[in-house]
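Chemist: What follows is the file target_36.cif, containing mmCIF, C-alpha atoms:
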```cif
data_model
#
loop_
_atom_site.label_atom_id
_atom_site.label_comp_id
_atom_site.auth_asym_id
_atom_site.auth_seq_id
_atom_site.Cartn_x
_atom_site.Cartn_y
_atom_site.Cartn_z
CA MET X 1 -108.36 123.66 118.05
CA ASN X 2 -111.48 124.73 116.15
CA ARG X 3 -111.27 126.34 112.75
CA ALA X 4 -111.97 129.89 114.00
CA ILE X 5 -109.18 129.80 116.57
CA MET X 6 -106.83 128.17 114.12
CA LYS X 7 -107.58 130.83 111.52
CA LYS X 8 -106.97 133.59 114.05
CA THR X 9 -103.68 131.98 115.05
CA VAL X 10 -102.57 131.77 111.45
CA ILE X 11 -103.44 135.42 110.82
CA THR X 12 -101.63 136.53 113.97
CA TRP X 13 -98.45 134.63 113.16
CA SER X 14 -98.62 135.73 109.55
CA MET X 15 -98.81 139.37 110.63
CA LEU X 16 -95.93 138.89 113.03
CA LEU X 17 -93.81 137.23 110.39
CA ALA X 18 -94.71 139.90 107.87
CA THR X 19 -93.63 142.56 110.36
CA VAL X 20 -90.47 140.69 111.06
CA ALA X 21 -89.81 140.19 107.38
CA GLY X 22 -90.26 143.89 106.79
CA GLY X 23 -87.57 144.66 109.29
CA GLN X 24 -85.33 141.92 108.04
CA GLN X 25 -83.70 143.83 105.27
CA ALA X 26 -82.64 146.57 107.59
CA MET X 27 -81.44 143.89 109.97
CA ALA X 28 -79.33 142.05 107.45
CA GLY X 29 -77.76 145.30 106.45
CA GLY X 30 -77.71 146.76 109.87
CA SER X 31 -76.99 144.54 112.76
CA MET X 32 -75.58 141.09 113.06
CA GLN X 33 -73.06 141.09 110.33
CA HIS X 34 -71.72 144.33 111.66
CA ALA X 35 -70.73 142.88 114.95
CA GLY X 36 -68.37 140.49 113.34
CA GLN X 37 -68.91 139.86 109.69
CA ALA X 38 -66.10 137.57 108.89
CA SER X 39 -66.30 136.33 105.37
CA ALA X 40 -63.36 135.38 103.27
CA TYR X 41 -62.48 137.49 100.29
CA SER X 42 -59.55 137.11 98.02
CA VAL X 43 -58.30 139.75 95.68
CA GLN X 44 -58.00 137.08 93.04
CA ALA X 45 -61.46 135.73 93.65
CA SER X 46 -63.54 138.83 94.00
CA GLY X 47 -63.55 140.53 90.66
CA HIS X 48 -60.28 142.21 91.49
CA ALA X 49 -58.70 140.01 88.90
CA VAL X 50 -58.63 143.12 86.72
CA LEU X 51 -55.20 143.60 88.20
CA ALA X 52 -52.66 142.29 85.76
CA ALA X 53 -51.29 138.95 86.86
CA THR X 54 -47.80 140.43 87.03
CA GLN X 55 -48.92 142.86 89.71
CA LEU X 56 -50.02 140.15 92.10
CA THR X 57 -47.71 137.82 93.92
CA SER X 58 -49.30 134.57 95.04
CA ALA X 59 -48.16 133.20 98.36
CA VAL X 60 -47.93 129.56 99.26
CA ALA X 61 -46.99 129.97 102.92
CA ALA X 62 -46.04 132.51 105.55
CA ALA X 63 -43.82 131.89 108.55
CA PRO X 64 -43.90 134.32 111.47
CA LEU X 65 -40.54 135.82 112.26
CA GLN X 66 -40.24 134.94 115.90
CA VAL X 67 -38.22 136.89 118.36
CA ALA X 68 -35.64 134.82 120.22
CA GLY X 69 -35.87 131.74 118.10
CA ALA X 70 -37.47 130.84 114.84
CA VAL X 71 -41.07 129.73 114.90
CA GLY X 72 -41.40 129.03 111.23
CA ALA X 73 -38.44 127.93 109.19
CA VAL X 74 -36.78 130.91 107.60
CA SER X 75 -34.53 130.06 104.74
CA GLY X 76 -31.38 131.37 103.16
CA ARG X 77 -29.39 134.52 103.70
CA ALA X 78 -32.44 136.72 103.25
CA GLY X 79 -34.28 134.76 105.91
CA ALA X 80 -31.41 135.10 108.34
CA ALA X 81 -31.32 138.85 107.72
CA LEU X 82 -35.02 139.12 108.35
CA MET X 83 -34.67 137.10 111.51
CA GLN X 84 -31.93 139.41 112.71
CA GLN X 85 -34.15 142.37 111.92
CA ALA X 86 -37.07 140.81 113.80
CA ASN X 87 -34.87 140.33 116.86
CA ASP X 88 -33.79 143.94 116.88
CA ASP X 89 -35.30 146.74 118.87
CA PHE X 90 -39.09 146.76 118.46
CA SER X 91 -39.05 150.47 117.78
CA LYS X 92 -37.01 150.02 114.60
CA PRO X 93 -38.89 149.98 111.30
CA LEU X 94 -39.22 146.69 109.46
CA LYS X 95 -38.83 146.00 105.76
CA VAL X 96 -41.84 144.92 103.73
CA THR X 97 -42.09 144.01 100.09
CA ASN X 98 -43.57 146.45 97.59
CA GLU X 99 -45.34 143.56 95.88
CA THR X 100 -49.05 142.95 96.44
CA VAL X 101 -49.21 139.51 97.96
CA THR X 102 -52.41 137.52 97.80
CA ALA X 103 -53.75 134.14 98.76
CA GLY X 104 -54.78 131.96 95.86
CA PRO X 105 -58.31 132.19 94.50
CA ALA X 106 -61.15 130.32 96.14
CA PRO X 107 -61.57 126.73 94.91
CA SER X 108 -64.81 127.64 93.14
CA THR X 109 -62.95 130.27 91.12
CA ALA X 110 -59.71 128.36 90.65
CA LEU X 111 -61.46 125.47 88.93
CA TYR X 112 -62.53 127.71 86.05
CA GLN X 113 -59.28 129.66 85.70
CA HIS X 114 -57.56 126.85 83.82
CA ASP X 115 -57.89 126.82 80.10
CA GLY X 116 -57.77 123.07 79.72
CA LYS X 117 -54.08 122.77 78.90
CA MET T 1 -87.73 131.79 117.76
CA TYR T 2 -88.09 129.01 115.23
CA GLU T 3 -88.23 126.45 118.02
CA TYR T 4 -90.77 128.58 119.78
CA LEU T 5 -92.96 128.73 116.71
CA ARG T 6 -92.77 125.03 116.20
CA THR T 7 -93.60 124.11 119.76
CA ARG T 8 -96.35 126.61 120.20
CA ASN T 9 -98.05 125.92 116.90
CA THR T 10 -98.03 122.23 116.44
CA CYS T 11 -101.52 122.41 114.95
CA THR T 12 -101.00 125.34 112.65
CA PRO T 13 -101.09 124.59 108.95
CA LYS T 14 -98.22 124.62 106.53
CA LEU T 15 -98.54 128.34 105.87
CA ILE T 16 -96.23 129.28 108.69
CA VAL T 17 -93.67 126.74 107.56
CA VAL T 18 -93.87 128.22 104.08
CA LEU T 19 -93.47 131.74 105.42
CA ILE T 20 -90.47 130.73 107.48
CA GLY T 21 -89.01 129.08 104.44
CA MET T 22 -89.46 132.26 102.45
CA LEU T 23 -87.77 134.26 105.18
CA LEU T 24 -84.89 131.82 105.35
CA PHE T 25 -84.47 131.91 101.60
CA GLY T 26 -84.50 135.68 101.63
CA ALA T 27 -81.90 135.78 104.36
CA GLN T 28 -79.55 133.56 102.43
CA ALA T 29 -79.91 135.77 99.42
CA GLN T 30 -79.04 138.81 101.46
CA ALA T 31 -76.27 137.39 103.59
CA GLY T 32 -73.77 137.36 100.73
CA SER T 33 -71.05 135.76 102.79
CA ALA T 34 -69.51 133.65 100.07
CA ALA T 35 -65.91 134.23 99.10
CA GLY T 36 -65.44 136.82 96.42
CA GLY T 37 -68.00 139.39 97.48
CA GLU T 38 -68.64 142.44 95.40
CA SER T 39 -65.94 145.08 95.40
CA HIS T 40 -66.66 148.68 96.29
CA PHE T 41 -63.29 150.09 95.24
CA ARG T 42 -61.01 149.58 92.27
CA ALA T 43 -58.40 146.87 92.66
CA GLU T 44 -55.65 149.48 92.48
CA GLN T 45 -57.24 151.36 95.39
CA ILE T 46 -57.48 148.20 97.50
CA SER T 47 -53.90 147.25 96.70
CA ALA T 48 -52.53 150.72 97.46
CA PHE T 49 -54.47 150.98 100.71
CA ALA T 50 -53.39 147.52 101.86
CA LYS T 51 -49.76 148.35 101.14
CA ARG T 52 -50.11 151.62 103.06
CA VAL T 53 -51.43 149.72 106.06
CA GLU T 54 -48.55 147.24 105.83
CA LYS T 55 -45.96 150.00 105.63
CA THR T 56 -47.54 151.81 108.56
CA MET T 57 -47.28 148.70 110.72
CA ALA T 58 -43.72 148.08 109.54
CA ALA T 59 -42.70 151.69 110.23
CA HIS T 60 -43.78 151.16 113.83
CA GLY T 61 -41.84 147.92 114.11
CA ALA T 62 -44.96 145.82 114.66
CA ARG T 63 -44.29 142.08 114.69
CA VAL T 64 -47.92 141.47 115.60
CA ALA T 65 -50.81 143.93 115.32
CA ILE T 66 -54.58 143.75 115.43
CA LEU T 67 -56.37 145.01 112.33
CA ALA T 68 -60.01 145.87 111.70
CA ARG T 69 -62.08 146.33 108.56
CA VAL T 70 -65.42 147.85 107.65
CA GLY T 71 -67.37 145.06 105.99
CA ARG T 72 -70.78 146.74 105.98
CA PRO T 73 -71.98 150.28 105.29
CA VAL T 74 -70.87 152.46 108.18
CA ALA T 75 -74.34 153.98 108.56
CA ASP T 76 -75.77 150.52 109.27
CA LEU T 77 -73.46 149.69 112.16
CA PRO T 78 -75.18 149.43 115.54
CA ASP T 79 -74.20 151.80 118.33
CA GLY T 80 -70.73 151.07 119.63
CA PHE T 81 -69.56 149.12 116.58
CA HIS T 82 -67.14 150.73 114.15
CA TYR T 83 -65.77 147.67 112.38
CA THR T 84 -67.11 144.28 111.33
CA HIS T 85 -64.05 142.05 111.30
CA VAL T 86 -60.87 141.81 113.35
CA ALA T 87 -57.72 139.74 112.82
CA PHE T 88 -54.02 139.49 113.70
CA ALA T 89 -51.41 140.80 111.28
CA VAL T 90 -48.12 138.94 111.74
CA TYR T 91 -44.79 140.06 110.29
CA SER T 92 -43.65 137.07 108.28
CA GLN T 93 -41.38 135.62 105.72
CA ILE T 94 -43.73 134.89 102.83
CA LYS T 95 -42.91 132.15 100.39
CA THR T 96 -44.21 132.86 96.91
CA THR T 97 -45.35 130.44 94.23
CA ASP T 98 -42.24 131.26 92.21
CA GLY T 99 -40.01 130.16 95.07
CA ARG T 100 -38.95 133.49 96.51
CA SER T 101 -39.12 134.57 100.16
CA ILE T 102 -40.27 138.11 100.78
CA PRO T 103 -41.01 140.10 103.95
CA GLY T 104 -44.54 141.22 104.67
CA TYR T 105 -47.57 140.69 106.84
CA ALA T 106 -49.81 137.63 106.88
CA ILE T 107 -53.31 138.02 108.31
CA TYR T 108 -54.64 135.37 110.69
CA ASN T 109 -58.43 135.33 110.38
CA LEU T 110 -61.44 133.50 111.69
CA TYR T 111 -63.82 133.51 108.70
CA GLN T 112 -67.37 132.28 108.36
CA ASP T 113 -67.58 129.41 105.92
CA ALA T 114 -69.14 130.18 102.56
CA GLY T 115 -72.55 128.52 102.47
CA HIS T 116 -72.42 127.67 106.18
CA PRO T 117 -72.29 131.01 107.98
CA ASP T 118 -72.89 129.37 111.36
CA HIS T 119 -69.55 127.60 110.99
CA SER T 120 -66.09 129.16 110.89
CA SER T 121 -62.55 128.27 109.87
CA LEU T 122 -59.13 129.74 110.57
CA VAL T 123 -57.66 131.19 107.37
CA VAL T 124 -54.37 132.94 106.66
CA ASP T 125 -54.48 135.54 103.90
CA TYR T 126 -52.77 138.84 103.12
CA PRO T 127 -53.62 142.54 103.48
CA ALA T 128 -54.95 142.94 99.94
CA ASP T 129 -57.27 139.97 100.50
CA PHE T 130 -58.27 141.29 103.90
CA PHE T 131 -59.39 144.65 102.54
CA ALA T 132 -61.03 143.36 99.35
CA GLY T 133 -64.75 143.96 99.59
CA VAL T 134 -64.63 146.62 102.32
CA TYR T 135 -67.14 149.46 102.37
CA ALA T 136 -64.60 152.02 103.57
CA LEU T 137 -60.86 152.25 103.08
CA LYS T 138 -60.22 152.70 106.76
CA THR T 139 -58.64 150.62 109.48
CA ASP T 140 -57.58 150.87 113.09
CA ILE T 141 -54.31 149.24 114.02
CA LEU T 142 -53.62 148.12 117.57
CA ILE T 143 -49.94 147.46 118.23
CA PRO T 144 -49.47 145.61 121.53
CA THR T 145 -46.49 146.20 123.81
CA PRO T 146 -43.29 144.37 122.75
CA GLU T 147 -43.68 141.75 125.49
CA LEU T 148 -47.27 141.02 124.50
CA GLN T 149 -46.18 140.80 120.85
CA ARG T 150 -43.54 138.22 121.83
CA GLN T 151 -46.13 136.17 123.68
CA LEU T 152 -48.64 136.50 120.82
CA LEU T 153 -46.04 135.21 118.36
CA ARG T 154 -45.50 132.23 120.64
CA VAL T 155 -49.24 131.47 120.79
CA ILE T 156 -50.01 132.08 117.11
CA ALA T 157 -47.19 129.75 116.05
CA SER T 158 -48.29 127.03 118.48
CA ASP T 159 -51.12 124.52 118.56
CA THR T 160 -52.84 126.75 121.09
CA TYR T 161 -53.95 129.11 118.32
CA ARG T 162 -56.01 126.37 116.68
CA LYS T 163 -57.01 124.79 119.96
CA LEU T 164 -58.72 128.04 120.97
CA HIS T 165 -60.89 128.00 117.84
CA ASN T 166 -64.53 127.04 118.27
CA PRO T 167 -66.11 126.57 114.82
CA ALA T 168 -69.65 127.08 116.16
CA TYR T 169 -70.19 130.67 114.99
CA SER T 170 -72.56 133.32 116.23
CA VAL T 171 -72.18 136.86 115.03
CA VAL T 172 -73.00 138.07 118.56
CA ALA T 173 -71.15 135.34 120.45
CA ASN T 174 -71.00 135.90 124.19
CA PRO T 175 -67.29 136.20 125.03
CA TYR T 176 -67.88 135.08 128.61
CA ASN T 177 -68.61 131.46 127.72
CA ARG T 178 -67.49 128.81 125.22
CA LYS T 179 -70.74 128.03 123.41
CA PHE T 180 -70.19 130.12 120.27
CA GLN T 181 -67.30 132.17 118.94
CA ASN T 182 -66.83 134.97 116.42
CA CYS T 183 -63.69 136.61 115.06
CA THR T 184 -63.43 139.15 117.86
CA GLU T 185 -63.88 136.53 120.57
CA HIS T 186 -61.18 134.32 119.03
CA THR T 187 -58.90 137.35 118.90
CA LEU T 188 -59.65 138.06 122.55
CA ASP T 189 -59.04 134.43 123.53
CA VAL T 190 -55.68 134.38 121.74
CA LEU T 191 -54.72 137.65 123.43
CA ASN T 192 -55.53 136.22 126.85
CA ALA T 193 -53.75 132.95 126.12
CA ALA T 194 -50.69 135.13 125.49
CA ILE T 195 -51.25 137.37 128.49
CA TYR T 196 -51.94 134.57 130.99
CA HIS T 197 -49.54 132.02 129.47
CA THR T 198 -52.23 129.38 129.25
CA ASP T 199 -54.02 127.26 126.70
CA ASP T 200 -56.80 126.38 129.14
CA ILE T 201 -59.97 127.95 127.75
CA ASP T 202 -61.70 127.75 131.14
CA VAL T 203 -58.95 129.85 132.70
CA ILE T 204 -59.16 132.29 129.79
CA LYS T 205 -62.95 132.63 130.11
CA ALA T 206 -62.68 133.19 133.87
CA ASP T 207 -60.18 136.00 133.27
CA GLU T 208 -62.37 137.53 130.58
CA ARG T 209 -65.38 137.51 132.90
CA ALA T 210 -63.25 139.22 135.53
CA TYR T 211 -61.51 141.86 133.44
CA PHE T 212 -62.98 142.25 129.96
CA LYS T 213 -66.00 144.47 129.41
CA ALA T 214 -68.02 143.31 126.40
CA GLN T 215 -70.00 145.53 124.04
CA PRO T 216 -73.79 145.53 124.55
CA VAL T 217 -75.61 144.95 121.25
CA LYS T 218 -78.50 147.38 121.00
CA ILE T 219 -80.92 146.22 118.33
CA ASN T 220 -84.61 146.73 117.77
CA PRO T 221 -86.23 143.60 119.32
CA LEU T 222 -88.24 142.94 116.17
CA LYS T 223 -85.10 142.99 114.07
CA MET T 224 -83.49 140.65 116.54
CA LEU T 225 -86.44 138.28 116.22
CA ALA T 226 -86.22 138.49 112.46
CA GLY T 227 -82.55 137.71 112.56
CA MET T 228 -83.03 134.75 114.82
CA VAL T 229 -85.55 133.32 112.37
CA THR T 230 -83.68 134.08 109.18
CA MET T 231 -79.95 134.16 109.94
CA PRO T 232 -78.31 130.88 110.91
CA ASP T 233 -75.29 132.77 112.23
CA LEU T 234 -77.34 134.77 114.74
CA LYS T 235 -77.71 132.72 117.90
CA VAL T 236 -78.35 134.10 121.36
CA THR T 237 -78.77 130.94 123.42
CA ASP T 238 -75.39 131.72 124.99
CA GLN T 239 -76.56 135.10 126.26
CA LYS T 240 -77.97 136.19 129.63
CA HIS T 241 -79.12 139.64 130.70
CA GLY T 242 -79.00 141.18 127.24
CA VAL T 243 -76.83 140.51 124.22
CA ARG T 244 -73.11 141.28 124.55
CA THR T 245 -70.18 140.48 122.35
CA ALA T 246 -66.53 141.37 121.91
CA SER T 247 -65.78 144.18 119.47
CA PHE T 248 -62.70 145.91 118.15
CA THR T 249 -63.54 148.88 120.36
CA THR T 250 -63.84 146.82 123.54
CA ILE T 251 -60.63 144.92 122.78
CA ALA T 252 -58.82 148.24 122.28
CA ARG T 253 -60.26 149.52 125.54
CA TYR T 254 -59.16 146.35 127.35
CA LEU T 255 -55.58 146.58 126.09
CA ARG T 256 -55.46 150.29 126.86
CA GLN T 257 -56.86 149.85 130.37
CA TYR T 258 -54.21 147.29 131.33
CA ASP T 259 -51.25 149.06 129.66
CA LEU T 260 -50.84 146.41 126.98
CA LEU T 261 -51.01 148.76 124.02
CA ALA T 262 -47.88 150.38 122.54
CA ASP T 263 -49.57 152.22 119.66
CA GLU T 264 -53.02 152.77 118.23
CA LEU T 265 -53.11 154.03 114.66
CA VAL T 266 -55.79 154.90 112.14
CA VAL T 267 -55.18 154.60 108.41
CA ALA T 268 -57.86 155.99 106.13
CA GLN T 269 -58.16 156.92 102.49
CA GLN T 270 -57.29 160.58 102.09
#
```
When written as structure tokens, how does the structure in this file appear?
Modeler:
Amino acid sequence: MNRAIMKKTVITWSMLLATVAGGQQAMAGGSMQHAGQASAYSVQASGHAVLAATQLTSAVAAAPLQVAGAVGAVSGRAGAALMQQANDDFSKPLKVTNETVTAGPAPSTALYQHDGK
Amino acid sequence: MYEYLRTRNTCTPKLIVVLIGMLLFGAQAQAGSAAGGESHFRAEQISAFAKRVEKTMAAHGARVAILARVGRPVADLPDGFHYTHVAFAVYSQIKTTDGRSIPGYAIYNLYQDAGHPDHSSLVVDYPADFFAGVYALKTDILIPTPELQRQLLRVIASDTYRKLHNPAYSVVANPYNRKFQNCTEHTLDVLNAAIYHTDDIDVIKADERAYFKAQPVKINPLKMLAGMVTMPDLKVTDQKHGVRTASFTTIARYLRQYDLLADELVVAQQ
């Protein structure tokens, strides 16, 4: 490829990329991530930590309440009552806690939440 | 596109490589997919909205529901897309760090990995986590028929749920094949595993090709090119005859069309 053709090729691709780059911002805000943006957020990890600690309940596990047989292990009298409720008529309302339950913070945040004790 | 540039310009100087690098860097800066994204509402608003959604599902007796969230500005959504993320909400006994067991909903998500948006993981979190970072306090809730809920509980609690996960992520994954997967496609695959009583992904894909109508993705071709160059989570090598993907809207339509939907509810900030 001689220098003139090479230069023309470079200019052409540069213009194309510049055009593409110009549209990129609209793209990032306007297309792909909309179809299925699926990034993890945690209330505790996302600046929502302004909530007092007492208002958040951290969960360690969740077991689905299976109909016709336990899937996850439910425990104690409360668990048995919930299981009974889950087996009832599907049109009946279910009980849910008034507490705000949250997953723990992301590892990158959790590391810095300890005060060194 | 990147491959195309490389193969067609083997003699071009480093400028193009540098430009591509700049575009890639810019894309990473804009993607913002790491955990703990910026919040657009006060924590109290998120918490109250999430609890309202939970209580709405509970009031309708939902053991399993499908939830959606608005993760980008509504005005930016392409035609036909109203939400950006979809997941299952499962009525559960939740064990807390202080040893109590409380009733509520756990959310079963497929999330892009922070720092590796072309890779995904299955993550369980809770409504307040799910809605943290949304651009609008609005959700659609799909409550399947009781029999489909029973079958979904069976699948979600089994190895099939994880077996159906393909970590190779594309934001516009073609639901008719297995090459890439996004959150909506995983949701669709789990639904069909429950409906057809199978864990065979080939059977599930055949049924989806036969009965599920995917959402065409209408995007300016230049923007699509830009995305292919700059966004590692935008891959279209699984597509033929235009770009199509599963969406909350098309999943709702599918369930409605085949009488698998008991209730469809909208909860929005008043």
Chemist: For atom CA of T:Leu234 and atom CA of T:Ala168, determine how far apart the two atoms are, in Å to one decimal place.
Modeler: 11.0 Å
Chemist: Near T:Asn182, within 10 Å and counting all atoms listed in the file, which residues show up once chain neighbours fewer than 3 positions away are dropped, as a VMD selection string?
Modeler: (chain X and resid 35 to 38) or (chain T and resid 85 to 86 110 to 112 118 to 120 165 to 175 185 to 188 233 245 to 247)
Chemist: Which polymer residues have any atom within 12 Å of an atom of T:Tyr126, counting only C-alpha atoms, with same-chain residues fewer than 3 positions away left out, as a PyMOL selection string?
Modeler: (chain X and resi 40-44+56-62+99-104) or (chain T and resi 46-47+50-51+53-54+67+87-92+94+103-109+123+129-132)
Chemist: Could you tell me how far atom CA of T:Gly242 sits from atom CA of T:Ala206, in Å to one decimal place?
Modeler: 19.3 Å
Chemist: Mind giving me the straight-line distance from atom CA of T:Lys218 to atom CA of T:Arg244 in Å, one decimal?
Modeler: 8.9 Å
Chemist: Residues at most 8 Å from T:Ala136, counting only C-alpha atoms, excluding those fewer than 2 positions away in the same chain, as a ChimeraX atom specification?
Modeler: /T:69-71,73-74,134,138
Chemist: Using only C-alpha atoms - which residues lie no farther than 7 Å from the point (-58.3, 156.5, 104.9) in the file's frame? Write them as number ranges by chain.
Modeler: T: 137-138, 267-270
Chemist: Could you check the closest approach to T:His60 for each of X:Ala63, X:Gln55, X:Asn98, X:Phe90 and tell me which residue wins, using only C-alpha atoms?
Modeler: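 The answer is X:Phe90, which sits nearest to T:His60.
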